[in-house]
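Chemist: Structure in structure tokens, see below.
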Amino acid sequence: MAARQQEPGAEAFLPEKHDLASLRRASAECQGCSLYVHATQTVFGEGTVKARVVFVGEQPGDKEDRAGRPFVGPAGHVFDKALEAVGLDRSDAYVTNAVKHFKFEERGKARLHKRPRPGEIRACRPWLMAELQTVQPRALVLLGATAAQAVLGAEFRVTRDRGRPVPSELAPIVMATVHPASILRAADDAERERAFAEFVADLRSLKRLLDAE
Ligand code: URA
Ligand code: SF4
């Protein structure tokens, strides 16, 4: 096994005083880990500073890397459909990722998603923490194991604790659920429908908690 690469981390690239605009500008220059080398651009979070909910995915995909915007590809489409099903509006949300550059492997013309390493997730964490500190949402929703473990620690299990609030100082309501891309990977239509319904049920619990505040 290769020795673990030490990533310098994003900290040194953060502006001292920041709002979402200055964070976004600074993140475009980040070289906190080696992922900036092959990706097209930094995909920073998107949404209003007034958002009640911050959603955190894993990392941008192929479409997001080209567009420079989070969750605009196939997984984003599933995400939008689920939000719509529970009456949550993406304009009331701030959407971002645990890692801001696309990590991939080239296979012919395709660019296949590669899981970020713990060192890369750690390197990128200052951006996410700065986004949370700036938006100060009522609810923080972690989409999938990468986001959940980046924020709640390596011991956190989405399969066990999805869809219910977990104690955290990061927001009054913190919840994890599956990643919308996992729904697209379902083996068949029936399985996909079930996975989607479970995802919607988790978001409905979130909506109920928000409305009860
Ligand atoms: N998957 C993610 O985790 N984030 C995106 O922005 C797109 C796909
Ligand atoms: Fe910086 Fe994160 Fe991109 Fe690494 S993935 S270069 S830490 S923005």
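Starting from 1 in every chain, residues are counted up; chains themselves are A, B, ... following the order of the structure tokens, and ligands are numbered from 1 as listed.
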Could you give me, as a PyMOL selection string, every polymer residue with an atom at most 9 Å away from an atom of ligand 1, counting only C-alpha atoms and all ligand atoms?
Modeler: chain A and resi 43+45+56-65+69-76+95-100+102+143-144+146-147+179-181
Chemist: Write out the residues from the selection above, keeping N, CA and C atoms, as a CSV table (one decimal), in the first residue's frame.
Modeler:
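part-v4.csv, written as the output of this step:
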chain,number,residue,atom,x,y,z
A,43,VAL,N,-16.6,23.3,-7.1
A,43,VAL,CA,-18.1,23.4,-7.1
A,43,VAL,C,-18.4,23.8,-5.7
A,45,GLY,N,-20.9,25.5,-2.6
A,45,GLY,CA,-22.3,25.4,-2.3
A,45,GLY,C,-23.1,26.5,-3.0
A,56,VAL,N,-25.9,18.5,2.5
A,56,VAL,CA,-24.5,18.2,2.2
A,56,VAL,C,-24.4,16.9,1.5
A,57,GLY,N,-23.9,16.9,0.2
A,57,GLY,CA,-23.7,15.6,-0.5
A,57,GLY,C,-22.2,15.2,-0.4
A,58,GLU,N,-21.8,14.4,-1.3
A,58,GLU,CA,-20.4,13.8,-1.2
A,58,GLU,C,-19.4,14.8,-1.9
A,59,GLN,N,-19.5,14.8,-3.2
A,59,GLN,CA,-18.7,15.6,-4.0
A,59,GLN,C,-19.4,15.8,-5.4
A,60,PRO,N,-19.0,16.8,-6.1
A,60,PRO,CA,-19.6,17.0,-7.4
A,60,PRO,C,-19.4,15.8,-8.3
A,61,GLY,N,-20.3,15.6,-9.2
A,61,GLY,CA,-20.2,14.5,-10.2
A,61,GLY,C,-19.7,15.2,-11.5
A,62,ASP,N,-19.8,14.4,-12.6
A,62,ASP,CA,-19.3,14.8,-13.9
A,62,ASP,C,-20.1,16.1,-14.4
A,63,LYS,N,-21.4,16.1,-14.3
A,63,LYS,CA,-22.2,17.2,-14.7
A,63,LYS,C,-21.9,18.5,-13.9
A,64,GLU,N,-21.8,18.2,-12.5
A,64,GLU,CA,-21.6,19.3,-11.6
A,64,GLU,C,-20.2,20.0,-11.9
A,65,ASP,N,-19.2,19.1,-12.2
A,65,ASP,CA,-17.9,19.6,-12.5
A,65,ASP,C,-17.9,20.5,-13.7
A,69,ARG,N,-21.9,23.8,-10.5
A,69,ARG,CA,-23.0,23.9,-9.6
A,69,ARG,C,-23.3,22.6,-9.0
A,70,PRO,N,-23.7,22.5,-7.7
A,70,PRO,CA,-23.9,21.2,-7.1
A,70,PRO,C,-25.3,20.6,-7.4
A,71,PHE,N,-25.3,19.3,-7.5
A,71,PHE,CA,-26.6,18.6,-7.7
A,71,PHE,C,-27.4,19.1,-8.9
A,72,VAL,N,-26.8,19.2,-10.0
A,72,VAL,CA,-27.5,19.5,-11.3
A,72,VAL,C,-27.5,18.3,-12.2
A,73,GLY,N,-26.9,17.2,-11.9
A,73,GLY,CA,-26.9,16.0,-12.7
A,73,GLY,C,-28.0,15.0,-12.3
A,74,PRO,N,-27.9,13.7,-12.7
A,74,PRO,CA,-28.9,12.7,-12.4
A,74,PRO,C,-29.3,12.6,-10.9
A,75,ALA,N,-28.3,12.6,-10.0
A,75,ALA,CA,-28.6,12.6,-8.6
A,75,ALA,C,-29.4,13.8,-8.1
A,76,GLY,N,-29.0,15.0,-8.7
A,76,GLY,CA,-29.7,16.2,-8.4
A,76,GLY,C,-31.1,16.2,-8.8
A,95,VAL,N,-27.3,24.1,-0.7
A,95,VAL,CA,-26.9,22.8,-1.1
A,95,VAL,C,-25.4,22.8,-1.4
A,96,THR,N,-24.7,21.9,-0.8
A,96,THR,CA,-23.3,21.8,-0.9
A,96,THR,C,-22.8,20.4,-0.9
A,97,ASN,N,-21.4,20.2,-0.8
A,97,ASN,CA,-20.8,18.9,-0.8
A,97,ASN,C,-19.7,18.9,0.2
A,98,ALA,N,-19.4,17.7,0.7
A,98,ALA,CA,-18.3,17.5,1.7
A,98,ALA,C,-17.0,17.8,1.0
A,99,VAL,N,-16.9,17.5,-0.2
A,99,VAL,CA,-15.6,17.7,-1.0
A,99,VAL,C,-16.0,18.5,-2.2
A,100,LYS,N,-15.3,19.6,-2.5
A,100,LYS,CA,-15.7,20.5,-3.5
A,100,LYS,C,-15.1,20.3,-4.9
A,102,PHE,N,-14.4,17.4,-8.1
A,102,PHE,CA,-14.8,16.1,-8.6
A,102,PHE,C,-13.6,15.2,-8.7
A,143,LEU,N,-26.4,13.9,3.3
A,143,LEU,CA,-26.8,12.9,2.2
A,143,LEU,C,-25.7,11.9,2.0
A,144,GLY,N,-25.9,10.7,2.6
A,144,GLY,CA,-25.0,9.6,2.4
A,144,GLY,C,-23.9,9.5,3.4
A,146,THR,N,-20.6,9.5,3.2
A,146,THR,CA,-19.4,10.4,3.2
A,146,THR,C,-19.7,11.7,3.9
A,147,ALA,N,-20.8,12.3,3.6
A,147,ALA,CA,-21.2,13.5,4.3
A,147,ALA,C,-21.4,13.3,5.7
A,179,HIS,N,-27.8,8.9,0.1
A,179,HIS,CA,-27.4,9.8,-1.0
A,179,HIS,C,-28.4,9.5,-2.1
A,180,PRO,N,-28.9,10.6,-2.8
A,180,PRO,CA,-29.9,10.3,-3.9
A,180,PRO,C,-29.3,9.4,-5.0
A,181,ALA,N,-28.0,9.5,-5.2
A,181,ALA,CA,-27.3,8.6,-6.2
A,181,ALA,C,-27.5,7.1,-5.9
Chemist: With only C-alpha atoms and all ligand atoms counted, collect every polymer residue having an atom within 12 Å of ligand 2; state the result as a ChimeraX atom specification.
Modeler: /A:6-14,23-45,58-60,65,96-103,115-129
Chemist: Kindly export the residues of the current selection with C-alpha atoms, as a compact mmCIF listing (two decimals), in the first residue's frame.
Modeler:
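Listed below is the output, out26.txt:
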# COMPACT_ATOMS: atom_id res chain seq x y z
CA GLN A 6 -0.49 14.38 3.42
CA GLU A 7 -2.93 16.97 2.19
CA PRO A 8 -2.20 20.55 3.26
CA GLY A 9 -5.91 21.31 3.74
CA ALA A 10 -8.14 24.23 2.77
CA GLU A 11 -7.61 26.29 5.91
CA ALA A 12 -4.91 28.54 4.43
CA PHE A 13 -7.19 29.43 1.49
CA LEU A 14 -10.09 30.71 3.57
CA LEU A 23 -15.91 32.17 0.41
CA ARG A 24 -17.01 31.17 -3.05
CA ARG A 25 -14.39 33.40 -4.68
CA ALA A 26 -11.64 32.08 -2.44
CA SER A 27 -12.67 28.45 -2.92
CA ALA A 28 -12.08 28.81 -6.66
CA GLU A 29 -8.35 29.14 -5.87
CA CYS A 30 -8.16 26.29 -3.36
CA GLN A 31 -5.25 23.88 -3.59
CA GLY A 32 -5.84 22.31 -0.21
CA CYS A 33 -5.56 18.83 -1.64
CA SER A 34 -4.55 17.35 -4.97
CA LEU A 35 -8.11 17.06 -6.33
CA TYR A 36 -7.99 20.55 -7.86
CA VAL A 37 -5.40 19.35 -10.39
CA HIS A 38 -7.67 17.27 -12.64
CA ALA A 39 -11.11 18.69 -11.93
CA THR A 40 -12.54 21.49 -14.09
CA GLN A 41 -13.38 23.84 -11.25
CA THR A 42 -14.37 24.14 -7.60
CA VAL A 43 -18.05 23.43 -7.10
CA PHE A 44 -18.98 25.54 -4.11
CA GLY A 45 -22.32 25.40 -2.31
CA GLU A 58 -20.41 13.84 -1.17
CA GLN A 59 -18.67 15.60 -4.02
CA PRO A 60 -19.62 17.04 -7.41
CA ASP A 65 -17.86 19.58 -12.45
CA THR A 96 -23.27 21.84 -0.94
CA ASN A 97 -20.83 18.92 -0.79
CA ALA A 98 -18.31 17.52 1.69
CA VAL A 99 -15.64 17.70 -1.03
CA LYS A 100 -15.67 20.55 -3.55
CA HIS A 101 -13.73 19.04 -6.44
CA PHE A 102 -14.78 16.10 -8.62
CA LYS A 103 -12.62 13.01 -8.17
CA ARG A 115 -14.70 7.96 -3.68
CA PRO A 116 -12.76 10.68 -1.93
CA ARG A 117 -10.21 9.48 0.63
CA PRO A 118 -10.54 10.43 4.31
CA GLY A 119 -7.54 12.77 3.89
CA GLU A 120 -9.29 14.64 1.07
CA ILE A 121 -12.52 14.89 3.04
CA ARG A 122 -10.57 16.25 5.99
CA ALA A 123 -8.69 18.70 3.76
CA CYS A 124 -11.93 20.13 2.40
CA ARG A 125 -13.79 20.32 5.72
CA PRO A 126 -12.92 23.99 6.46
CA TRP A 127 -15.08 25.10 3.52
CA LEU A 128 -18.08 23.18 4.79
CA MET A 129 -17.59 24.46 8.32
Chemist: Which of segment 38-100 of chain A end up as helix (DSSP H, G or I) when DSSP is run on this backbone - answer as a list in words?
Modeler: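 Residues of segment 38-100 of chain A classed as helix (DSSP H, G or I): Asp62, Lys63, Glu64, Asp65, Arg66, Ala67, Pro74, Ala75, Gly76, His77, Val78, Phe79, Asp80, Lys81, Ala82, Leu83, Glu84, Ala85, Val86, Arg90, Ser91 and Asp92 of chain A.
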Chemist: Please produce a file of the residues just selected, as a JSON list (two decimals), in the first residue's frame, where the atoms kept are N, CA and C atoms.
Modeler:
[["chain", "number", "residue", "atom", "x", "y", "z"],
["A", 62, "ASP", "N", -19.79, 14.37, -12.57],
["A", 62, "ASP", "CA", -19.35, 14.81, -13.90],
["A", 62, "ASP", "C", -20.07, 16.08, -14.36],
["A", 63, "LYS", "N", -21.40, 16.07, -14.25],
["A", 63, "LYS", "CA", -22.20, 17.22, -14.71],
["A", 63, "LYS", "C", -21.92, 18.46, -13.85],
["A", 64, "GLU", "N", -21.81, 18.24, -12.55],
["A", 64, "GLU", "CA", -21.57, 19.35, -11.63],
["A", 64, "GLU", "C", -20.19, 19.96, -11.88],
["A", 65, "ASP", "N", -19.23, 19.11, -12.18],
["A", 65, "ASP", "CA", -17.86, 19.58, -12.45],
["A", 65, "ASP", "C", -17.85, 20.51, -13.66],
["A", 66, "ARG", "N", -18.64, 20.16, -14.67],
["A", 66, "ARG", "CA", -18.69, 20.99, -15.88],
["A", 66, "ARG", "C", -19.49, 22.26, -15.66],
["A", 67, "ALA", "N", -20.61, 22.12, -14.91],
["A", 67, "ALA", "CA", -21.50, 23.27, -14.70],
["A", 67, "ALA", "C", -21.00, 24.21, -13.60],
["A", 74, "PRO", "N", -27.89, 13.72, -12.67],
["A", 74, "PRO", "CA", -28.94, 12.72, -12.38],
["A", 74, "PRO", "C", -29.30, 12.64, -10.89],
["A", 75, "ALA", "N", -28.31, 12.64, -10.02],
["A", 75, "ALA", "CA", -28.61, 12.57, -8.58],
["A", 75, "ALA", "C", -29.37, 13.82, -8.13],
["A", 76, "GLY", "N", -29.01, 14.96, -8.71],
["A", 76, "GLY", "CA", -29.69, 16.21, -8.40],
["A", 76, "GLY", "C", -31.15, 16.18, -8.81],
["A", 77, "HIS", "N", -31.41, 15.48, -9.91],
["A", 77, "HIS", "CA", -32.78, 15.36, -10.39],
["A", 77, "HIS", "C", -33.63, 14.56, -9.39],
["A", 78, "VAL", "N", -33.08, 13.46, -8.89],
["A", 78, "VAL", "CA", -33.78, 12.66, -7.87],
["A", 78, "VAL", "C", -34.01, 13.50, -6.61],
["A", 79, "PHE", "N", -32.99, 14.24, -6.24],
["A", 79, "PHE", "CA", -33.06, 15.11, -5.07],
["A", 79, "PHE", "C", -34.19, 16.12, -5.22],
["A", 80, "ASP", "N", -34.25, 16.78, -6.36],
["A", 80, "ASP", "CA", -35.30, 17.78, -6.62],
["A", 80, "ASP", "C", -36.70, 17.16, -6.54],
["A", 81, "LYS", "N", -36.83, 15.96, -7.11],
["A", 81, "LYS", "CA", -38.14, 15.28, -7.10],
["A", 81, "LYS", "C", -38.58, 14.98, -5.67],
["A", 82, "ALA", "N", -37.62, 14.55, -4.85],
["A", 82, "ALA", "CA", -37.93, 14.22, -3.45],
["A", 82, "ALA", "C", -38.30, 15.48, -2.66],
["A", 83, "LEU", "N", -37.57, 16.55, -2.91],
["A", 83, "LEU", "CA", -37.89, 17.81, -2.22],
["A", 83, "LEU", "C", -39.30, 18.26, -2.58],
["A", 84, "GLU", "N", -39.60, 18.16, -3.84],
["A", 84, "GLU", "CA", -40.92, 18.57, -4.32],
["A", 84, "GLU", "C", -42.01, 17.72, -3.68],
["A", 85, "ALA", "N", -41.75, 16.42, -3.54],
["A", 85, "ALA", "CA", -42.74, 15.50, -2.97],
["A", 85, "ALA", "C", -43.12, 15.87, -1.54],
["A", 86, "VAL", "N", -42.19, 16.47, -0.79],
["A", 86, "VAL", "CA", -42.51, 16.82, 0.61],
["A", 86, "VAL", "C", -42.79, 18.30, 0.79],
["A", 90, "ARG", "N", -36.12, 24.11, -3.00],
["A", 90, "ARG", "CA", -34.67, 24.24, -3.08],
["A", 90, "ARG", "C", -34.24, 25.70, -2.86],
["A", 91, "SER", "N", -35.15, 26.63, -3.11],
["A", 91, "SER", "CA", -34.80, 28.04, -2.88],
["A", 91, "SER", "C", -34.78, 28.38, -1.39],
["A", 92, "ASP", "N", -35.29, 27.47, -0.55],
["A", 92, "ASP", "CA", -35.25, 27.64, 0.90],
["A", 92, "ASP", "C", -34.09, 26.81, 1.48]]
Chemist: In Å, with one decimal, what is the gap from atom CA of Val178 of chain A to atom CA of Glu191 of chain A?
Modeler: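 About the pair atom CA of Val178 of chain A and atom CA of Glu191 of chain A: they are 14.2 Å apart.
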Chemist: Would you pick out the contacts of Leu206 of chain A at 12 Å or less, using only C-alpha atoms, so that residues sharing its chain but fewer than 2 positions from it are not included, and give the list as a ChimeraX atom specification?
Modeler: /A:52-55,83,86-88,138-142,162-166,172-177,199-204,208-213
Chemist: Suppose we keep C-alpha atoms; can you now write the selection as an mmCIF file, in the first residue's frame?
Modeler:
data_model
loop_
_atom_site.group_PDB
_atom_site.id
_atom_site.type_symbol
_atom_site.label_atom_id
_atom_site.label_comp_id
_atom_site.auth_asym_id
_atom_site.auth_seq_id
_atom_site.Cartn_x
_atom_site.Cartn_y
_atom_site.Cartn_z
ATOM 1 C CA ARG A 52 -33.438 27.075 6.785
ATOM 2 C CA VAL A 53 -31.819 23.836 5.650
ATOM 3 C CA VAL A 54 -28.293 22.993 4.515
ATOM 4 C CA PHE A 55 -27.969 19.765 2.522
ATOM 5 C CA LEU A 83 -37.888 17.812 -2.219
ATOM 6 C CA VAL A 86 -42.508 16.816 0.606
ATOM 7 C CA GLY A 87 -43.067 20.464 -0.207
ATOM 8 C CA LEU A 88 -39.542 21.631 0.528
ATOM 9 C CA ARG A 138 -32.132 25.438 11.438
ATOM 10 C CA ALA A 139 -31.427 22.024 9.968
ATOM 11 C CA LEU A 140 -28.397 20.245 8.559
ATOM 12 C CA VAL A 141 -29.060 17.200 6.388
ATOM 13 C CA LEU A 142 -26.245 14.839 5.444
ATOM 14 C CA ARG A 162 -31.106 7.649 8.990
ATOM 15 C CA GLY A 163 -34.188 9.834 9.131
ATOM 16 C CA ARG A 164 -34.011 10.803 12.777
ATOM 17 C CA PRO A 165 -32.416 13.741 14.507
ATOM 18 C CA VAL A 166 -28.952 13.178 15.949
ATOM 19 C CA PRO A 172 -30.726 22.580 16.076
ATOM 20 C CA ILE A 173 -31.776 19.716 13.787
ATOM 21 C CA VAL A 174 -29.133 17.399 12.325
ATOM 22 C CA MET A 175 -30.183 14.386 10.307
ATOM 23 C CA ALA A 176 -28.602 11.943 7.874
ATOM 24 C CA THR A 177 -30.234 10.022 5.074
ATOM 25 C CA PHE A 199 -35.768 8.877 1.041
ATOM 26 C CA VAL A 200 -38.963 10.921 0.794
ATOM 27 C CA ALA A 201 -40.072 9.592 4.200
ATOM 28 C CA ASP A 202 -36.807 10.830 5.753
ATOM 29 C CA LEU A 203 -37.291 14.266 4.201
ATOM 30 C CA ARG A 204 -40.859 14.309 5.443
ATOM 31 C CA ARG A 208 -42.157 17.927 10.272
ATOM 32 C CA LEU A 209 -39.330 18.832 12.652
ATOM 33 C CA LEU A 210 -38.788 22.123 10.850
ATOM 34 C CA ASP A 211 -42.469 23.002 10.915
ATOM 35 C CA ALA A 212 -42.637 22.183 14.630
ATOM 36 C CA GLU A 213 -39.910 24.681 15.498
#
Chemist: Nearest to Asp19 of chain A: which of A:Ala130, A:Arg160, A:Glu193, A:Pro137 is it, counting only C-alpha atoms?
Modeler: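 Nearest candidate to Asp19 of chain A out of A:Ala130, A:Arg160, A:Glu193, A:Pro137: A:Ala130.
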Chemist: Apply DSSP to the backbone of this structure and, from segment 94-147 of chain A, keep only the residues in strand (DSSP E or B); write these as a ChimeraX atom specification.
Modeler: /A:94-97,104-107,110-113,139-143
Chemist: Would you work out the distance separating atom CA of Ala51 of chain A from atom CA of Leu20 of chain A, expressed in Å to one decimal?
Modeler: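 These two atoms are separated by 12.1 Å.
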